[in-house]
Amino acid sequence: MLHIGCHLSSSKGFLKMGETALSIGADTFQFFTRNPRGSKAKAIDPEDAAALMRLMDEHDFPCILAHAPYTLNPCSKDPHVREFAQMTMTDDLVRMEATPGQMYNFHPGSHTGQGMSEGIRQIAELLNSLLKESQTTTVLLETMAGKGTEVGGSFAELAMILDRVELADHMGVCLDTCHIWDGGYDIINDLDGVLDRFDRTIGLHRLKAIHLNDSKNPCGSHKDRHEKIGQGQIGLAAFEAIVRHPALKDLPFFLETPNELPGYAEEIRLLRSLAE
Ligand code: FE
Ligand code: FE
Ligand code: ZN
């Protein structure tokens with residue numbers, strides 16, 4: 001069975017997110033660890049976290065996915081901005097252990113003029129300061145659209161980060177369909193070729209999650225504007241091929257499309273029917 005969910009608001013806690021997921025036909029979900037702008041996080045209620053873990057167990061949820069605030073920049077030219085990213089992510093990874101064995105995704109960042117190789121070096125340095133042998137959380141790098149000075153717009157850039165991480169066993173990659181399409185990977189006409197390139201640079205064993213988003217813009221546009229499934233430039237046939245692909249079909253899929261809950265419920269129904 002397809003494992004699929006969407007991005008949910010975390011304002012009412014863990015159990016509420018699990019219940020909301022069930023109510024829209026999802027069996028997983030994504031949430032921000034704190035306000036997406038990166039402000040202070042609410043204290044975690046261990047009983048609420050445990051209640052979600054029980055719900056996930058009863059309803060056969062695969063991993064859930066936490067998302068770091070998207071305003072963090074681990075490879076900014078400004079050392080204070082880098083330090084803020086390190087502090088926030090360190091705190092997030094401590095908090096993640098309240099829900100053991102899940103995944104934590106972040107945007108590699110923008111090098112803001114320092115150059116790609118310096119950006120890559122700083123991201124790896126941050127990860128080496130962050131990762132602990134004892135953690136149960138898998139940290140994911142997200143594939144990016146390559147907007148501006150963004151790092152991670154190509155599989156090779158993510159591979160160069162991973163190559164420098166000492167505890168790489170605690171790392172994986174989250175592939176965002178809108179981002180890689182905008183980054184120039186033609187998943188309409190050559191999905192097999194794109195996955196083959198992923199395998200040869202990063203390794204498919206590192207692929208842990210998929211962000212399912214259509215795109216408002218053409219392949220290679222480097223824009224990053226999400227669209228509803230089947231209503232953008234990627235189109236429904238490509239999503240059918242993605243959710244049925246032998247290398248992808250057992251991964252957890254997360255929608256980040258411009259929808260409220262009824263729209264997400266509809267997309268989940270649609271994608272489940274395409275996957276059958
Ligand atoms: Fe993201
Ligand atoms: Fe994404
Ligand atoms: Zn995006």
# chains A, B, ... in the order shown; residues from 1 in each chain; ligands from 1

call {"tool": "closest_atom_pairs", "arguments": {"of": "segment 66-110 of chain A", "to": "segment 119-127 of chain A", "cutoff": "8 Å", "atoms": "only C-alpha atoms", "output": "CSV"}}
result
residue,atom,partner,partner_atom,distance
A:Pro74,CA,A:Ile123,CA,5.7
A:Cys75,CA,A:Gly119,CA,5.1
A:Ser76,CA,A:Gly119,CA,7.7
A:Gln86,CA,A:Leu126,CA,6.5
A:Pro108,CA,A:Ile123,CA,6.7
A:Gly109,CA,A:Ile123,CA,7.9
A:Ser110,CA,A:Gly119,CA,7.3

call {"tool": "residues_near_ligand", "arguments": {"ligand": "ligand 3", "cutoff": "7 Å", "atoms": "only C-alpha atoms and all ligand atoms", "output": "VMD selection string"}}
result
chain A and resid 178 to 179 224 to 226

call {"tool": "write_last_selection", "arguments": {"atoms": "N, CA and C atoms", "output": "tab-separated table (two decimals), in the first residue's frame"}}
result
chain	number	residue	atom	x	y	z
A	178	CYS	N	8.99	18.82	-7.35
A	178	CYS	CA	8.97	20.18	-7.92
A	178	CYS	C	10.40	20.72	-8.01
A	179	HIS	N	11.16	20.50	-6.94
A	179	HIS	CA	12.52	21.06	-6.92
A	179	HIS	C	13.41	20.43	-7.99
A	224	ASP	N	11.04	27.09	-8.01
A	224	ASP	CA	10.47	26.58	-6.75
A	224	ASP	C	9.11	27.18	-6.41
A	225	ARG	N	8.15	26.99	-7.29
A	225	ARG	CA	6.76	27.35	-6.97
A	225	ARG	C	5.91	26.10	-7.11
A	226	HIS	N	5.39	25.60	-5.98
A	226	HIS	CA	4.64	24.34	-5.98
A	226	HIS	C	3.26	24.54	-6.59

call {"tool": "residues_near_ligand", "arguments": {"ligand": "ligand 2", "cutoff": "8 Å", "atoms": "only C-alpha atoms and all ligand atoms", "output": "mmCIF file with all heavy atoms, in the first residue's frame"}}
result
data_model
loop_
_atom_site.group_PDB
_atom_site.id
_atom_site.type_symbol
_atom_site.label_atom_id
_atom_site.label_comp_id
_atom_site.auth_asym_id
_atom_site.auth_seq_id
_atom_site.Cartn_x
_atom_site.Cartn_y
_atom_site.Cartn_z
ATOM 1 N N GLU A 142 17.381 17.943 1.657
ATOM 2 C CA GLU A 142 16.368 18.037 0.605
ATOM 3 C C GLU A 142 17.000 18.482 -0.715
ATOM 4 O O GLU A 142 17.843 19.379 -0.728
ATOM 5 C CB GLU A 142 15.253 19.019 1.030
ATOM 6 C CG GLU A 142 14.131 19.098 0.000
ATOM 7 C CD GLU A 142 12.875 19.812 0.503
ATOM 8 O OE1 GLU A 142 12.769 20.103 1.716
ATOM 9 O OE2 GLU A 142 12.005 20.066 -0.347
ATOM 10 N N THR A 143 16.580 17.848 -1.802
ATOM 11 C CA THR A 143 16.985 18.298 -3.147
ATOM 12 C C THR A 143 16.336 19.654 -3.416
ATOM 13 O O THR A 143 15.153 19.846 -3.146
ATOM 14 C CB THR A 143 16.516 17.313 -4.227
ATOM 15 O OG1 THR A 143 15.085 17.230 -4.183
ATOM 16 C CG2 THR A 143 17.107 15.921 -4.057
ATOM 17 N N MET A 144 17.086 20.604 -3.915
ATOM 18 C CA MET A 144 16.576 21.967 -4.090
ATOM 19 C C MET A 144 16.438 22.337 -5.569
ATOM 20 O O MET A 144 16.916 21.624 -6.442
ATOM 21 C CB MET A 144 17.495 22.960 -3.364
ATOM 22 C CG MET A 144 17.638 22.695 -1.856
ATOM 23 S SD MET A 144 16.064 22.521 -0.962
ATOM 24 C CE MET A 144 15.416 24.181 -1.097
ATOM 25 N N CYS A 174 15.843 13.587 0.950
ATOM 26 C CA CYS A 174 14.424 13.731 0.618
ATOM 27 C C CYS A 174 14.350 14.364 -0.767
ATOM 28 O O CYS A 174 14.884 15.454 -0.986
ATOM 29 C CB CYS A 174 13.731 14.621 1.645
ATOM 30 S SG CYS A 174 12.019 14.999 1.214
ATOM 31 N N LEU A 175 13.740 13.636 -1.701
ATOM 32 C CA LEU A 175 13.641 14.123 -3.080
ATOM 33 C C LEU A 175 12.332 14.874 -3.273
ATOM 34 O O LEU A 175 11.264 14.321 -3.023
ATOM 35 C CB LEU A 175 13.756 12.920 -4.030
ATOM 36 C CG LEU A 175 13.803 13.203 -5.528
ATOM 37 C CD1 LEU A 175 14.662 12.150 -6.207
ATOM 38 C CD2 LEU A 175 12.414 13.210 -6.145
ATOM 39 N N ASP A 176 12.425 16.144 -3.671
ATOM 40 C CA ASP A 176 11.238 16.973 -3.903
ATOM 41 C C ASP A 176 11.013 17.051 -5.416
ATOM 42 O O ASP A 176 11.877 17.553 -6.154
ATOM 43 C CB ASP A 176 11.479 18.369 -3.301
ATOM 44 C CG ASP A 176 10.252 19.269 -3.376
ATOM 45 O OD1 ASP A 176 9.696 19.409 -4.478
ATOM 46 O OD2 ASP A 176 9.868 19.846 -2.339
ATOM 47 N N THR A 177 9.857 16.550 -5.876
ATOM 48 C CA THR A 177 9.628 16.447 -7.332
ATOM 49 C C THR A 177 9.588 17.823 -8.003
ATOM 50 O O THR A 177 10.102 17.984 -9.110
ATOM 51 C CB THR A 177 8.329 15.683 -7.640
ATOM 52 O OG1 THR A 177 7.236 16.318 -6.956
ATOM 53 C CG2 THR A 177 8.429 14.226 -7.212
ATOM 54 N N CYS A 178 8.986 18.820 -7.346
ATOM 55 C CA CYS A 178 8.970 20.181 -7.916
ATOM 56 C C CYS A 178 10.396 20.716 -8.008
ATOM 57 O O CYS A 178 10.794 21.273 -9.037
ATOM 58 C CB CYS A 178 8.097 21.114 -7.075
ATOM 59 S SG CYS A 178 8.258 22.870 -7.474
ATOM 60 N N HIS A 179 11.164 20.501 -6.941
ATOM 61 C CA HIS A 179 12.517 21.056 -6.919
ATOM 62 C C HIS A 179 13.414 20.429 -7.987
ATOM 63 O O HIS A 179 14.143 21.148 -8.670
ATOM 64 C CB HIS A 179 13.156 20.853 -5.536
ATOM 65 C CG HIS A 179 12.455 21.608 -4.439
ATOM 66 N ND1 HIS A 179 12.819 21.498 -3.120
ATOM 67 C CD2 HIS A 179 11.415 22.479 -4.468
ATOM 68 C CE1 HIS A 179 12.030 22.273 -2.376
ATOM 69 N NE2 HIS A 179 11.166 22.870 -3.176
ATOM 70 N N HIS A 211 8.992 14.333 -1.477
ATOM 71 C CA HIS A 211 8.019 15.428 -1.450
ATOM 72 C C HIS A 211 7.334 15.447 -2.813
ATOM 73 O O HIS A 211 7.984 15.666 -3.832
ATOM 74 C CB HIS A 211 8.721 16.775 -1.228
ATOM 75 C CG HIS A 211 9.098 17.044 0.191
ATOM 76 N ND1 HIS A 211 9.925 18.072 0.557
ATOM 77 C CD2 HIS A 211 8.705 16.434 1.340
ATOM 78 C CE1 HIS A 211 10.053 18.083 1.883
ATOM 79 N NE2 HIS A 211 9.328 17.098 2.375
ATOM 80 N N LEU A 212 6.011 15.194 -2.805
ATOM 81 C CA LEU A 212 5.264 15.136 -4.066
ATOM 82 C C LEU A 212 4.619 16.497 -4.321
ATOM 83 O O LEU A 212 3.654 16.867 -3.645
ATOM 84 C CB LEU A 212 4.145 14.104 -3.945
ATOM 85 C CG LEU A 212 4.386 12.662 -4.354
ATOM 86 C CD1 LEU A 212 3.085 11.896 -4.235
ATOM 87 C CD2 LEU A 212 4.976 12.514 -5.743
ATOM 88 N N ASN A 213 5.142 17.221 -5.280
ATOM 89 C CA ASN A 213 4.597 18.532 -5.633
ATOM 90 C C ASN A 213 4.651 18.697 -7.138
ATOM 91 O O ASN A 213 5.667 18.367 -7.755
ATOM 92 C CB ASN A 213 5.448 19.654 -5.030
ATOM 93 C CG ASN A 213 5.546 19.564 -3.520
ATOM 94 O OD1 ASN A 213 4.531 19.534 -2.836
ATOM 95 N ND2 ASN A 213 6.761 19.510 -2.993
ATOM 96 N N GLU A 256 3.166 18.706 -0.429
ATOM 97 C CA GLU A 256 3.359 20.106 0.021
ATOM 98 C C GLU A 256 2.739 21.014 -1.031
ATOM 99 O O GLU A 256 3.341 21.993 -1.471
ATOM 100 C CB GLU A 256 4.843 20.444 0.133
ATOM 101 C CG GLU A 256 5.652 19.561 1.033
ATOM 102 C CD GLU A 256 7.138 19.902 0.958
ATOM 103 O OE1 GLU A 256 7.724 19.906 -0.144
ATOM 104 O OE2 GLU A 256 7.709 20.177 2.024
#

call {"tool": "select_by_dssp", "arguments": {"residues": "segment 77-153 of chain A", "states": "helix (DSSP H, G or I)", "output": "number ranges by chain"}}
result
A: 79-96, 116-130

call {"tool": "residues_near_ligand", "arguments": {"ligand": "ligand 1", "cutoff": "7 Å", "atoms": "only C-alpha atoms and all ligand atoms", "output": "VMD selection string"}}
result
chain A and resid 67 70 106 to 107 142

call {"tool": "write_last_selection", "arguments": {"atoms": "C-alpha atoms", "output": "mmCIF file, in the first residue's frame"}}
result
data_model
loop_
_atom_site.group_PDB
_atom_site.id
_atom_site.type_symbol
_atom_site.label_atom_id
_atom_site.label_comp_id
_atom_site.auth_asym_id
_atom_site.auth_seq_id
_atom_site.Cartn_x
_atom_site.Cartn_y
_atom_site.Cartn_z
ATOM 1 C CA HIS A 67 10.953 19.753 8.630
ATOM 2 C CA TYR A 70 13.087 26.926 5.968
ATOM 3 C CA PHE A 106 16.370 20.453 6.147
ATOM 4 C CA HIS A 107 17.273 22.722 3.246
ATOM 5 C CA GLU A 142 16.368 18.037 0.605
#

call {"tool": "residues_around", "arguments": {"residues": "Glu97 of chain A", "least_positions_apart": "3", "cutoff": "10 Å", "atoms": "only C-alpha atoms", "output": "ChimeraX atom specification"}}
result
/A:49,92-94,100-102,135-137

call {"tool": "atom_distance", "arguments": {"atom1": "atom CA of Arg269 of chain A", "atom2": "atom CA of Asp250 of chain A"}}
result
17.0 Å

call {"tool": "residues_around", "arguments": {"residues": "Glu266 of chain A", "least_positions_apart": "4", "cutoff": "12 Å", "atoms": "only C-alpha atoms", "output": "ChimeraX atom specification"}}
result
/A:5-6,23-26,228-229,255,257,259-262,270-273

call {"tool": "atom_distance", "arguments": {"atom1": "atom CA of Pro62 of chain A", "atom2": "atom CA of Ser134 of chain A"}}
result
21.2 Å

call {"tool": "residues_around", "arguments": {"residues": "segment 10-18 of chain A", "least_positions_apart": "3", "cutoff": "10 Å", "atoms": "only C-alpha atoms", "output": "VMD selection string"}}
result
chain A and resid 7 21 to 23 26 to 35 42 44 to 56 59 61 64 99

call {"tool": "select_by_dssp", "arguments": {"residues": "segment 21-234 of chain A", "states": "strand (DSSP E)", "output": "MDAnalysis selection string"}}
result
chainID A and resid 28:32 65:67 103:106 138:142 171:176 207:212 214:215 226:227

call {"tool": "write_last_selection", "arguments": {"atoms": "N, CA and C atoms", "output": "JSON list (two decimals), in the first residue's frame"}}
result
[["chain", "number", "residue", "atom", "x", "y", "z"],
["A", 28, "THR", "N", 0.85, 8.92, 7.12],
["A", 28, "THR", "CA", 2.05, 9.59, 7.58],
["A", 28, "THR", "C", 1.80, 11.09, 7.44],
["A", 29, "PHE", "N", 2.76, 11.91, 7.87],
["A", 29, "PHE", "CA", 2.61, 13.36, 7.70],
["A", 29, "PHE", "C", 3.95, 14.04, 7.91],
["A", 30, "GLN", "N", 3.99, 15.30, 7.48],
["A", 30, "GLN", "CA", 5.15, 16.15, 7.73],
["A", 30, "GLN", "C", 4.71, 17.34, 8.59],
["A", 31, "PHE", "N", 5.62, 17.85, 9.39],
["A", 31, "PHE", "CA", 5.29, 19.02, 10.22],
["A", 31, "PHE", "C", 6.55, 19.84, 10.46],
["A", 32, "PHE", "N", 6.39, 21.14, 10.74],
["A", 32, "PHE", "CA", 7.52, 21.98, 11.13],
["A", 32, "PHE", "C", 7.83, 21.75, 12.60],
["A", 65, "LEU", "N", 7.87, 12.72, 9.11],
["A", 65, "LEU", "CA", 8.95, 13.61, 8.68],
["A", 65, "LEU", "C", 8.81, 14.98, 9.32],
["A", 66, "ALA", "N", 9.81, 15.35, 10.11],
["A", 66, "ALA", "CA", 9.88, 16.71, 10.65],
["A", 66, "ALA", "C", 10.65, 17.58, 9.66],
["A", 67, "HIS", "N", 10.27, 18.84, 9.55],
["A", 67, "HIS", "CA", 10.95, 19.75, 8.63],
["A", 67, "HIS", "C", 11.52, 20.92, 9.45],
["A", 103, "MET", "N", 12.30, 10.97, 11.02],
["A", 103, "MET", "CA", 13.21, 11.65, 10.09],
["A", 103, "MET", "C", 13.10, 13.17, 10.24],
["A", 104, "TYR", "N", 14.23, 13.86, 9.99],
["A", 104, "TYR", "CA", 14.32, 15.32, 10.14],
["A", 104, "TYR", "C", 14.94, 15.88, 8.86],
["A", 105, "ASN", "N", 14.15, 16.66, 8.12],
["A", 105, "ASN", "CA", 14.58, 17.17, 6.81],
["A", 105, "ASN", "C", 14.98, 18.65, 6.92],
["A", 106, "PHE", "N", 16.03, 19.02, 6.20],
["A", 106, "PHE", "CA", 16.37, 20.45, 6.15],
["A", 106, "PHE", "C", 16.86, 20.86, 4.76],
["A", 138, "THR", "N", 16.96, 10.02, 11.64],
["A", 138, "THR", "CA", 17.71, 10.13, 10.38],
["A", 138, "THR", "C", 17.55, 11.55, 9.83],
["A", 139, "VAL", "N", 18.65, 12.20, 9.53],
["A", 139, "VAL", "CA", 18.65, 13.58, 9.05],
["A", 139, "VAL", "C", 18.70, 13.57, 7.52],
["A", 140, "LEU", "N", 17.75, 14.27, 6.90],
["A", 140, "LEU", "CA", 17.66, 14.26, 5.45],
["A", 140, "LEU", "C", 18.04, 15.62, 4.86],
["A", 141, "LEU", "N", 18.82, 15.58, 3.79],
["A", 141, "LEU", "CA", 19.08, 16.76, 2.96],
["A", 141, "LEU", "C", 18.01, 16.79, 1.88],
["A", 142, "GLU", "N", 17.38, 17.94, 1.66],
["A", 142, "GLU", "CA", 16.37, 18.04, 0.61],
["A", 142, "GLU", "C", 17.00, 18.48, -0.71],
["A", 171, "MET", "N", 22.27, 9.72, 7.89],
["A", 171, "MET", "CA", 21.84, 10.70, 6.88],
["A", 171, "MET", "C", 21.10, 10.03, 5.74],
["A", 172, "GLY", "N", 20.25, 10.83, 5.09],
["A", 172, "GLY", "CA", 19.57, 10.39, 3.88],
["A", 172, "GLY", "C", 19.20, 11.60, 3.06],
["A", 173, "VAL", "N", 18.40, 11.36, 2.01],
["A", 173, "VAL", "CA", 17.98, 12.43, 1.12],
["A", 173, "VAL", "C", 16.46, 12.39, 0.97],
["A", 174, "CYS", "N", 15.84, 13.59, 0.95],
["A", 174, "CYS", "CA", 14.42, 13.73, 0.62],
["A", 174, "CYS", "C", 14.35, 14.36, -0.77],
["A", 175, "LEU", "N", 13.74, 13.64, -1.70],
["A", 175, "LEU", "CA", 13.64, 14.12, -3.08],
["A", 175, "LEU", "C", 12.33, 14.87, -3.27],
["A", 176, "ASP", "N", 12.42, 16.14, -3.67],
["A", 176, "ASP", "CA", 11.24, 16.97, -3.90],
["A", 176, "ASP", "C", 11.01, 17.05, -5.42],
["A", 207, "LEU", "N", 17.97, 7.36, -0.42],
["A", 207, "LEU", "CA", 16.69, 8.03, -0.65],
["A", 207, "LEU", "C", 15.68, 7.52, 0.38],
["A", 208, "LYS", "N", 15.19, 8.43, 1.24],
["A", 208, "LYS", "CA", 14.34, 8.02, 2.37],
["A", 208, "LYS", "C", 12.92, 8.58, 2.30],
["A", 209, "ALA", "N", 12.70, 9.63, 1.51],
["A", 209, "ALA", "CA", 11.37, 10.26, 1.48],
["A", 209, "ALA", "C", 11.21, 11.04, 0.18],
["A", 210, "ILE", "N", 9.95, 11.22, -0.22],
["A", 210, "ILE", "CA", 9.64, 11.99, -1.43],
["A", 210, "ILE", "C", 8.67, 13.12, -1.07],
["A", 211, "HIS", "N", 8.99, 14.33, -1.48],
["A", 211, "HIS", "CA", 8.02, 15.43, -1.45],
["A", 211, "HIS", "C", 7.33, 15.45, -2.81],
["A", 212, "LEU", "N", 6.01, 15.19, -2.81],
["A", 212, "LEU", "CA", 5.26, 15.14, -4.07],
["A", 212, "LEU", "C", 4.62, 16.50, -4.32],
["A", 214, "ASP", "N", 3.58, 19.22, -7.73],
["A", 214, "ASP", "CA", 3.67, 19.64, -9.12],
["A", 214, "ASP", "C", 4.35, 21.01, -9.13],
["A", 215, "SER", "N", 4.71, 21.51, -10.31],
["A", 215, "SER", "CA", 5.44, 22.78, -10.42],
["A", 215, "SER", "C", 4.71, 23.75, -11.33],
["A", 226, "HIS", "N", 5.39, 25.60, -5.98],
["A", 226, "HIS", "CA", 4.64, 24.34, -5.98],
["A", 226, "HIS", "C", 3.26, 24.54, -6.59],
["A", 227, "GLU", "N", 2.72, 23.46, -7.20],
["A", 227, "GLU", "CA", 1.37, 23.47, -7.73],
["A", 227, "GLU", "C", 0.67, 22.18, -7.29]]

call {"tool": "closest_residue", "arguments": {"among": "A:Thr149, A:Asn73, A:Thr88, A:Ser129", "to": "Ser39 of chain A", "atoms": "only C-alpha atoms"}}
result
A:Thr88

call {"tool": "closest_residue", "arguments": {"among": "A:Ile242, A:Leu274, A:Leu236, A:Leu8", "to": "Leu195 of chain A", "atoms": "only C-alpha atoms"}}
result
A:Ile242
